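A.B. asks: Here you go, data-v3.tsv (TSV, C-alpha atoms and all ligand atoms):
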chain	number	residue	atom	x	y	z
A	1	MET	CA	107.25	126.30	-0.57
A	2	ALA	CA	104.68	123.87	-2.03
A	3	SER	CA	107.32	121.13	-2.30
A	4	LEU	CA	108.20	121.45	1.41
A	5	THR	CA	104.64	121.30	2.64
A	6	ALA	CA	104.02	118.31	0.37
A	7	ILE	CA	106.39	116.12	2.39
A	8	LEU	CA	105.48	117.47	5.81
A	9	PRO	CA	102.79	115.53	7.70
A	10	LYS	CA	99.34	116.99	7.19
A	11	SER	CA	98.30	115.93	10.69
A	12	SER	CA	100.22	114.95	13.80
A	13	ILE	CA	99.31	111.28	13.27
A	14	PHE	CA	102.09	109.51	11.37
A	15	LYS	CA	100.64	107.14	8.77
A	16	ILE	CA	102.22	104.07	7.20
A	17	ALA	CA	100.35	102.36	4.35
A	18	ILE	CA	101.24	98.78	3.41
A	19	ASP	CA	99.59	97.31	0.32
A	20	GLY	CA	100.16	94.17	-1.68
A	21	PRO	CA	98.66	90.89	-2.86
A	22	ALA	CA	97.42	88.05	-0.64
A	23	ALA	CA	99.98	86.44	1.70
A	24	SER	CA	102.79	88.80	0.70
A	25	GLY	CA	103.46	89.40	4.42
A	26	LYS	CA	101.49	92.62	4.93
A	27	SER	CA	99.80	91.94	8.25
A	28	THR	CA	102.78	90.24	9.95
A	29	THR	CA	105.09	93.04	8.83
A	30	ALA	CA	102.57	95.73	9.78
A	31	ARG	CA	102.04	94.28	13.27
A	32	HIS	CA	105.80	94.21	13.98
A	33	VAL	CA	106.31	97.73	12.63
A	34	ALA	CA	103.39	99.06	14.68
A	35	HIS	CA	104.64	97.30	17.81
A	36	ARG	CA	108.21	98.62	17.41
A	37	LEU	CA	107.02	102.20	16.82
A	38	GLY	CA	104.21	102.16	19.39
A	39	PHE	CA	101.66	102.76	16.62
A	40	THR	CA	98.18	101.32	16.18
A	41	TYR	CA	97.75	98.56	13.59
A	42	ILE	CA	94.62	98.41	11.47
A	43	ASP	CA	93.95	95.34	9.33
A	44	SER	CA	91.63	96.61	6.59
A	45	GLY	CA	91.32	93.16	5.00
A	46	ALA	CA	89.91	91.82	8.28
A	47	MET	CA	87.07	94.31	7.94
A	48	TYR	CA	86.03	92.95	4.52
A	49	ARG	CA	86.43	89.43	5.89
A	50	ALA	CA	84.20	90.25	8.89
A	51	ILE	CA	81.37	91.48	6.64
A	52	THR	CA	81.79	88.38	4.46
A	53	LEU	CA	81.59	86.13	7.54
A	54	LYS	CA	78.41	87.83	8.71
A	55	ALA	CA	76.83	87.44	5.26
A	56	LEU	CA	77.79	83.74	5.16
A	57	ARG	CA	76.30	83.17	8.62
A	58	ARG	CA	73.05	84.70	7.38
A	59	ASN	CA	73.07	82.45	4.32
A	60	ILE	CA	73.07	85.41	1.98
A	61	GLN	CA	73.42	84.19	-1.60
A	62	PHE	CA	76.47	85.93	-3.02
A	63	GLU	CA	76.17	87.25	-6.57
A	64	SER	CA	72.36	87.29	-6.41
A	65	PRO	CA	71.44	90.92	-7.23
A	66	SER	CA	68.47	90.88	-4.84
A	67	GLU	CA	70.81	90.05	-1.92
A	68	MET	CA	73.20	92.95	-2.48
A	69	PRO	CA	71.25	95.49	-0.39
A	70	HIS	CA	71.54	93.04	2.56
A	71	ILE	CA	75.34	92.90	2.23
A	72	ILE	CA	75.53	96.70	1.94
A	73	ASN	CA	73.31	97.02	5.00
A	74	LEU	CA	75.65	94.71	6.95
A	75	ALA	CA	78.61	96.90	5.96
A	76	ASN	CA	76.83	100.03	7.13
A	77	THR	CA	75.48	98.68	10.40
A	78	SER	CA	78.14	96.27	11.71
A	79	LYS	CA	80.50	97.25	14.48
A	80	ILE	CA	84.11	96.22	13.84
A	81	HIS	CA	86.97	96.93	16.17
A	82	PHE	CA	90.46	95.66	16.96
A	83	ALA	CA	92.63	94.89	19.98
A	84	THR	CA	96.32	93.99	19.90
A	85	THR	CA	97.98	91.64	22.35
A	86	THR	CA	101.59	92.33	23.29
A	87	PRO	CA	104.04	89.48	22.62
A	88	ILE	CA	105.71	87.87	25.63
A	89	GLY	CA	109.07	86.57	24.42
A	90	GLY	CA	109.28	83.71	21.90
A	91	SER	CA	111.30	83.61	18.72
A	92	GLY	CA	110.66	84.08	14.99
A	93	ASN	CA	106.99	84.50	14.22
A	94	ASP	CA	106.03	83.48	17.79
A	95	ASN	CA	106.71	86.99	18.96
A	96	THR	CA	104.39	88.58	16.37
A	97	PRO	CA	101.83	90.75	18.15
A	98	GLN	CA	98.38	89.25	17.67
A	99	THR	CA	95.38	91.22	16.52
A	100	ILE	CA	91.96	90.35	17.84
A	101	VAL	CA	89.15	91.27	15.47
A	102	TYR	CA	85.72	91.93	16.97
A	103	LEU	CA	82.53	91.87	14.94
A	104	ASP	CA	79.62	93.28	16.95
A	105	ASP	CA	81.74	92.60	20.07
A	106	GLU	CA	82.33	88.91	19.22
A	107	ASP	CA	85.93	87.75	18.72
A	108	VAL	CA	85.92	86.49	15.11
A	109	SER	CA	89.73	86.48	14.62
A	110	ALA	CA	89.84	82.77	13.70
A	111	ASP	CA	86.50	82.54	11.89
A	112	ILE	CA	87.40	85.26	9.37
A	113	ARG	CA	90.50	83.33	8.20
A	114	THR	CA	88.71	80.20	6.96
A	115	MET	CA	88.86	79.17	3.29
A	116	ASN	CA	85.11	79.74	2.98
A	117	VAL	CA	85.54	83.40	3.89
A	118	SER	CA	88.62	83.70	1.64
A	119	ARG	CA	86.67	82.27	-1.31
A	120	ASN	CA	83.88	84.84	-0.98
A	121	VAL	CA	85.59	87.99	0.28
A	122	SER	CA	86.60	89.32	-3.16
A	123	PHE	CA	82.94	89.52	-4.18
A	124	VAL	CA	82.03	91.54	-1.07
A	125	ALA	CA	85.13	93.76	-1.40
A	126	ALA	CA	84.22	94.64	-5.00
A	127	LEU	CA	80.84	96.20	-4.04
A	128	PRO	CA	81.29	100.02	-4.24
A	129	GLU	CA	78.85	100.73	-1.37
A	130	VAL	CA	80.65	98.23	0.88
A	131	ARG	CA	83.97	99.92	0.08
A	132	LYS	CA	82.45	103.32	0.82
A	133	ALA	CA	81.32	102.14	4.27
A	134	MET	CA	84.71	100.54	5.03
A	135	LEU	CA	86.64	103.60	3.81
A	136	ALA	CA	84.74	105.84	6.22
A	137	LYS	CA	85.49	103.47	9.13
A	138	GLN	CA	89.17	103.11	8.12
A	139	ARG	CA	89.72	106.88	7.93
A	140	ARG	CA	87.95	107.33	11.26
A	141	TYR	CA	90.28	104.80	12.92
A	142	ALA	CA	93.35	106.36	11.32
A	143	ASN	CA	92.46	109.85	12.44
A	144	SER	CA	91.52	109.00	16.03
A	145	THR	CA	93.15	111.61	18.18
A	146	ASP	CA	94.54	109.33	20.92
A	147	ILE	CA	97.25	107.68	18.79
A	148	ASP	CA	100.67	108.89	17.59
A	149	GLY	CA	100.79	106.80	14.49
A	150	VAL	CA	98.97	104.19	12.49
A	151	VAL	CA	100.02	101.31	10.28
A	152	MET	CA	97.25	100.12	7.98
A	153	ASP	CA	97.52	97.28	5.47
A	154	GLY	CA	95.33	96.24	2.57
A	155	ARG	CA	95.00	96.76	-1.16
A	156	ASP	CA	94.10	100.45	-1.57
A	157	ILE	CA	95.59	102.09	1.53
A	158	GLY	CA	98.29	104.11	-0.23
A	159	THR	CA	96.07	104.97	-3.19
A	160	ALA	CA	92.60	105.56	-1.71
A	161	VAL	CA	92.29	105.24	2.08
A	162	LEU	CA	95.39	107.14	3.26
A	163	PRO	CA	96.79	108.91	0.19
A	164	ASP	CA	98.50	111.33	2.63
A	165	ALA	CA	100.47	108.52	4.35
A	166	GLN	CA	104.09	109.60	4.91
A	167	VAL	CA	105.43	106.09	4.25
A	168	LYS	CA	103.92	103.85	1.56
A	169	ILE	CA	105.06	100.30	0.97
A	170	PHE	CA	104.02	97.82	-1.71
A	171	LEU	CA	104.90	94.30	-0.54
A	172	THR	CA	105.10	91.53	-3.08
A	173	ALA	CA	106.40	87.97	-3.47
A	174	ILE	CA	106.10	85.34	-6.18
A	175	THR	CA	102.76	83.51	-6.16
A	176	ASN	CA	103.90	80.01	-5.20
A	177	VAL	CA	105.95	81.37	-2.28
A	178	ARG	CA	102.92	83.29	-1.05
A	179	ALA	CA	100.72	80.19	-1.41
A	180	MET	CA	103.21	78.02	0.51
A	181	ARG	CA	103.42	80.57	3.34
A	182	ARG	CA	99.64	80.72	3.60
A	183	TYR	CA	99.49	76.90	3.55
A	184	GLU	CA	101.98	76.65	6.43
A	185	GLN	CA	100.15	79.40	8.32
A	186	LEU	CA	96.71	77.73	8.02
A	187	LYS	CA	98.11	74.25	8.74
A	188	LYS	CA	99.46	75.48	12.08
A	189	LYS	CA	96.05	76.75	13.09
A	190	GLU	CA	94.45	73.33	12.43
A	191	LYS	CA	91.07	75.00	12.03
A	192	GLU	CA	90.36	73.00	8.87
A	193	LEU	CA	91.95	70.63	6.39
A	194	VAL	CA	94.17	72.64	4.06
A	195	VAL	CA	95.32	71.62	0.59
A	196	TYR	CA	98.22	73.53	-1.00
A	197	GLU	CA	96.75	73.44	-4.54
A	198	GLU	CA	93.45	74.82	-3.28
A	199	ILE	CA	95.23	77.70	-1.53
A	200	LEU	CA	97.27	78.46	-4.64
A	201	ARG	CA	94.08	78.57	-6.75
A	202	ASP	CA	92.36	80.83	-4.19
A	203	ILE	CA	95.30	83.24	-4.15
A	204	GLU	CA	95.47	83.37	-7.98
A	205	LYS	CA	91.73	83.99	-8.18
A	206	ARG	CA	91.80	86.69	-5.49
A	207	ASP	CA	94.83	88.42	-7.05
A	208	LYS	CA	92.91	88.61	-10.33
A	209	ALA	CA	89.70	89.88	-8.68
A	210	ASP	CA	91.62	92.44	-6.55
A	211	LEU	CA	93.53	93.72	-9.60
A	212	GLU	CA	90.57	93.84	-11.98
A	213	ARG	CA	87.76	95.27	-9.86
A	214	LYS	CA	86.51	98.72	-10.88
A	215	VAL	CA	86.58	100.44	-7.49
A	216	SER	CA	89.94	100.84	-5.72
A	217	PRO	CA	91.75	97.90	-7.34
A	218	LEU	CA	95.07	96.65	-5.99
A	219	ARG	CA	97.62	99.17	-7.28
A	220	LYS	CA	101.01	100.41	-6.21
A	221	ALA	CA	100.75	104.09	-5.31
A	222	ILE	CA	103.17	106.13	-7.43
A	223	ASP	CA	105.04	107.20	-4.30
A	224	ALA	CA	105.15	103.69	-2.76
A	225	VAL	CA	108.38	101.73	-2.31
A	226	VAL	CA	108.28	98.13	-3.57
A	227	LEU	CA	109.72	95.50	-1.23
A	228	ASP	CA	109.91	91.92	-2.49
A	229	THR	CA	109.51	89.50	0.42
A	230	THR	CA	110.42	86.48	-1.74
A	231	THR	CA	114.05	87.26	-1.05
A	232	LEU	CA	113.94	89.32	2.15
A	233	SER	CA	113.29	88.01	5.65
A	234	LEU	CA	110.61	89.43	7.89
A	235	SER	CA	113.17	91.17	10.10
A	236	GLU	CA	114.88	92.74	7.06
A	237	ILE	CA	111.56	94.06	5.77
A	238	VAL	CA	110.54	95.39	9.20
A	239	GLY	CA	113.98	97.02	9.60
A	240	LYS	CA	113.70	98.77	6.22
A	241	ILE	CA	110.27	100.20	7.03
A	242	ILE	CA	111.38	101.41	10.47
A	243	GLU	CA	114.42	103.06	8.87
A	244	MET	CA	112.27	104.76	6.21
A	245	THR	CA	109.89	105.98	8.92
A	246	ASN	CA	112.69	107.36	11.10
A	247	ASN	CA	114.27	109.11	8.09
A	248	MET	CA	110.94	110.62	7.12
A	249	LYS	CA	110.32	111.79	10.70
A	250	SER	CA	113.72	113.46	11.02
A	251	ASP	CA	113.29	115.10	7.57
A	252	ALA	CA	109.94	116.45	8.75
A	253	VAL	CA	111.47	117.79	11.99
A	254	GLN	CA	114.31	119.51	10.06
A	255	LEU	CA	111.88	120.97	7.55
A	256	SER	CA	109.55	122.24	10.25
A	257	GLY	CA	112.64	123.92	11.80
A	258	ILE	CA	113.37	125.61	8.45
A	259	ASN	CA	109.70	126.54	8.14
A	260	SER	CA	109.50	128.09	11.60
A	261	SER	CA	112.73	130.10	11.09
A	262	LEU	CA	111.34	131.25	7.72
A	263	ASN	CA	108.14	132.30	9.50
A	264	GLU	CA	110.15	134.14	12.17
A	265	SER	CA	112.11	136.08	9.58
A	266	THR	CA	108.86	136.89	7.77
A	267	ILE	CA	107.38	138.19	11.02
A	268	GLN	CA	110.54	140.26	11.74
A	269	THR	CA	110.42	141.66	8.22
A	270	GLN	CA	106.78	142.63	8.72
A	271	ILE	CA	107.60	144.35	12.03
B	301	LIG	N1	109.44	88.35	4.68
B	301	LIG	C1	108.89	87.17	5.00
B	301	LIG	N2	109.58	86.03	4.82
B	301	LIG	C2	109.04	84.83	5.13
B	301	LIG	N3	107.78	84.66	5.63
B	301	LIG	C3	107.05	85.75	5.82
B	301	LIG	C4	107.55	87.06	5.52
B	301	LIG	N4	106.56	87.96	5.81
B	301	LIG	C5	105.52	87.23	6.26
B	301	LIG	N5	105.80	85.92	6.28
B	301	LIG	C6	104.91	84.82	6.68
B	301	LIG	O1	104.01	84.61	5.58
B	301	LIG	C7	102.71	84.28	6.06
B	301	LIG	C8	101.68	85.22	5.43
B	301	LIG	O2	101.91	86.52	5.92
B	301	LIG	P1	100.74	87.54	6.24
B	301	LIG	O3	101.35	88.64	7.01
B	301	LIG	O4	99.55	86.85	6.82
B	301	LIG	O5	100.38	88.05	4.76
B	301	LIG	P2	99.23	89.02	4.24
B	301	LIG	O6	98.80	89.87	5.38
B	301	LIG	O7	99.90	89.81	3.15
B	301	LIG	O8	98.16	88.15	3.72
B	301	LIG	C9	102.78	84.35	7.58
B	301	LIG	O9	102.91	83.05	8.12
B	301	LIG	C10	104.02	85.18	7.85
B	301	LIG	O10	104.64	84.86	9.08
B	302	LIG	N1	92.04	97.46	1.65
B	302	LIG	C1	91.59	96.25	1.27
B	302	LIG	C2	91.89	95.11	2.03
B	302	LIG	C3	91.40	93.90	1.62
B	302	LIG	N2	90.60	93.84	0.53
B	302	LIG	C4	89.97	92.58	0.11
B	302	LIG	C5	90.78	91.86	-0.92
B	302	LIG	C6	91.28	90.63	-0.23
B	302	LIG	O1	91.23	89.52	-1.12
B	302	LIG	C7	90.35	90.46	0.95
B	302	LIG	C8	90.99	89.93	2.21
B	302	LIG	O2	92.09	90.77	2.55
B	302	LIG	P1	93.27	90.23	3.48
B	302	LIG	O3	94.29	91.32	3.57
B	302	LIG	O4	92.71	89.70	4.75
B	302	LIG	O5	93.78	89.03	2.63
B	302	LIG	P2	95.12	88.25	2.73
B	302	LIG	O6	95.53	88.22	4.17
B	302	LIG	O7	96.09	89.04	1.93
B	302	LIG	O8	94.81	86.92	2.18
B	302	LIG	O9	89.78	91.74	1.22
B	302	LIG	C9	90.33	94.96	-0.21
B	302	LIG	O10	89.65	94.88	-1.21
B	302	LIG	N3	90.82	96.16	0.18
Now, as a test, write the supplied structure out as structure tokens.
C.D. replies:
Amino acid sequence: MASLTAILPKSSIFKIAIDGPAASGKSTTARHVAHRLGFTYIDSGAMYRAITLKALRRNIQFESPSEMPHIINLANTSKIHFATTTPIGGSGNDNTPQTIVYLDDEDVSADIRTMNVSRNVSFVAALPEVRKAMLAKQRRYANSTDIDGVVMDGRDIGTAVLPDAQVKIFLTAITNVRAMRRYEQLKKKEKELVVYEEILRDIEKRDKADLERKVSPLRKAIDAVVLDTTTLSLSEIVGKIIEMTNNMKSDAVQLSGINSSLNESTIQTQI
């Protein structure tokens, strides 16, 4: 029976974990999947970015050992929450649901995506105490009782944050494709001058830092499915994840049927 219970959901909240390197398509994919399934989307990377933004605004000197307690304190005391806006028509990426990120009730959705935050976020995300604080918040969000399902993306969701997720995806794409997509994405926002080579360097540096850090490095969970977005369109990727989720849900329903009839026969035998 252990093998049956292993694939049945441990709680009524259905969990989808999407991990992968920078600009592999995690958040866009996750937002579409969540929207289609009526699930809540949680952007775990935005949480590390929000703490980094707050530290930058306070002129905290990164990598100075005496400043670390300040960063840890920010992680423990900051309020971070999300809101999702529903798309109204449009085509292609225009109809991607948008996520608003609030830091202490201020909308910081644009400010957390600047190159300055990107350059410094890996340092903040490598601090074990910061990860501990974020992990507690992420699990709290994922286990809130008023939602049917959750889609969370990041680097350690399938391995550390939601190891019990019923669907685990590892998104990847070759580095220069990821850098070009991020370049196009930032250029559209016109928040700052963007240079492709600088973005490529940032992505290479962050990939290395995310892979090599000691606590919860970027890893594919052993039970995750790899999807390469270099060759697959957004709608193909979203379709595959929805299909996997629906299959997993119907397997769980069938197995719970088998389980309950097994329980009934056990009860009858006992009587
Ligand atoms: N499968 C895909 N094919 C082409 N472009 C994609 C695909 N998935 C995402 N994108 C685009 O790539 C850019 C980066 O995606 P994003 O979701 O922000 O990545 P991540 O969250 O992994 O950093 C966005 O402009 C997004 O629309
Ligand atoms: N679960 C997570 C999510 C993000 N991080 C870190 C590592 C990433 O470089 C930064 C920013 O994450 P984010 O997903 O916003 O980055 P990209 O959109 O992929 O560029 O945060 C992490 O360590 N663990």
A.B. asks: Within 6 Å of ligand LIG 302 (chain B), counting all atoms listed in the file: which residues, as an MDAnalysis selection string?
C.D. replies: chainID A and resid 21:23 44:46 48:49 121:122 125 154:157 206 210
A.B. asks: Could you pull the residues within 10 Å of region 142-147 of chain A, counting all atoms listed in the file, minus those fewer than 3 positions along the same chain, as JSON, numbers by chain?
C.D. replies: {"A": [11, 12, 13, 14, 15, 38, 39, 40, 41, 42, 137, 138, 139, 150, 151, 152, 161, 162]}
A.B. asks: If we count all atoms listed in the file, what is near Ala126 (chain A) at a cut-off of 8 Å, once residues fewer than 4 positions away on the same chain are taken out, given as a VMD selection string?
C.D. replies: chain A and resid 122 130 to 131 210 213 to 215
A.B. asks: Do you know which residues are within 10 Å of ligand LIG 301 (chain B) using only C-alpha atoms and all ligand atoms? Can you write them as number ranges by chain?
C.D. replies: A: 18-32, 43-46, 92-94, 96, 113, 153-155, 171-173, 177-186, 188, 203, 227-238
A.B. asks: Find the residues around Asn246 (chain A) up to 10 Å (all atoms listed in the file counted), leave out those fewer than 6 positions away in its own chain, and share them as a list of chain:residue names.
C.D. replies: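 Near Asn246 (chain A), the qualifying residues are A:Leu37, A:Lys240, A:Ala252.
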A.B. asks: How many Å lie between CA of Lys249 (chain A) and CA of Phe170 (chain A), rounded to one decimal?
C.D. replies: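 According to the coordinates, CA of Lys249 (chain A) and CA of Phe170 (chain A) are separated by 19.7 Å.
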A.B. asks: Of the candidates A:Thr86, A:Ser78, A:Thr175, A:Thr114, which one gets nearest to Tyr102 (chain A) if we count all atoms listed in the file?
C.D. replies: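 Among the listed residues, A:Ser78 lies closest to Tyr102 (chain A).
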A.B. asks: For the point (106.6, 107.8, -5.2) in file coordinates, what residues are within 12 Å, counting all atoms listed in the file? Give the answer as a list in words?
C.D. replies: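 Protein, DNA and RNA residues close to (106.6, 107.8, -5.2): Ile7, Gly158, Thr159, Pro163, Asp164, Ala165, Gln166, Val167, Lys168, Ile169, Phe170, Lys220, Ala221, Ile222, Asp223, Ala224, Val225 and Val226 of chain A.
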A.B. asks: Once you have the residues from the selection above, write them out as a short mmCIF file (atom, residue, chain, number, x, y, z; two decimals), keeping the file's coordinate frame, restricted to C-alpha atoms.
C.D. replies:
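Once written, part18.cif looks like this:
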data_model
loop_
_atom_site.label_atom_id
_atom_site.label_comp_id
_atom_site.auth_asym_id
_atom_site.auth_seq_id
_atom_site.Cartn_x
_atom_site.Cartn_y
_atom_site.Cartn_z
CA ILE A 7 106.39 116.12 2.39
CA GLY A 158 98.29 104.11 -0.23
CA THR A 159 96.07 104.97 -3.19
CA PRO A 163 96.79 108.91 0.19
CA ASP A 164 98.50 111.33 2.63
CA ALA A 165 100.47 108.52 4.35
CA GLN A 166 104.09 109.60 4.91
CA VAL A 167 105.43 106.09 4.25
CA LYS A 168 103.92 103.85 1.56
CA ILE A 169 105.06 100.30 0.97
CA PHE A 170 104.02 97.82 -1.71
CA LYS A 220 101.01 100.41 -6.21
CA ALA A 221 100.75 104.09 -5.31
CA ILE A 222 103.17 106.13 -7.43
CA ASP A 223 105.04 107.20 -4.30
CA ALA A 224 105.15 103.69 -2.76
CA VAL A 225 108.38 101.73 -2.31
CA VAL A 226 108.28 98.13 -3.57
#
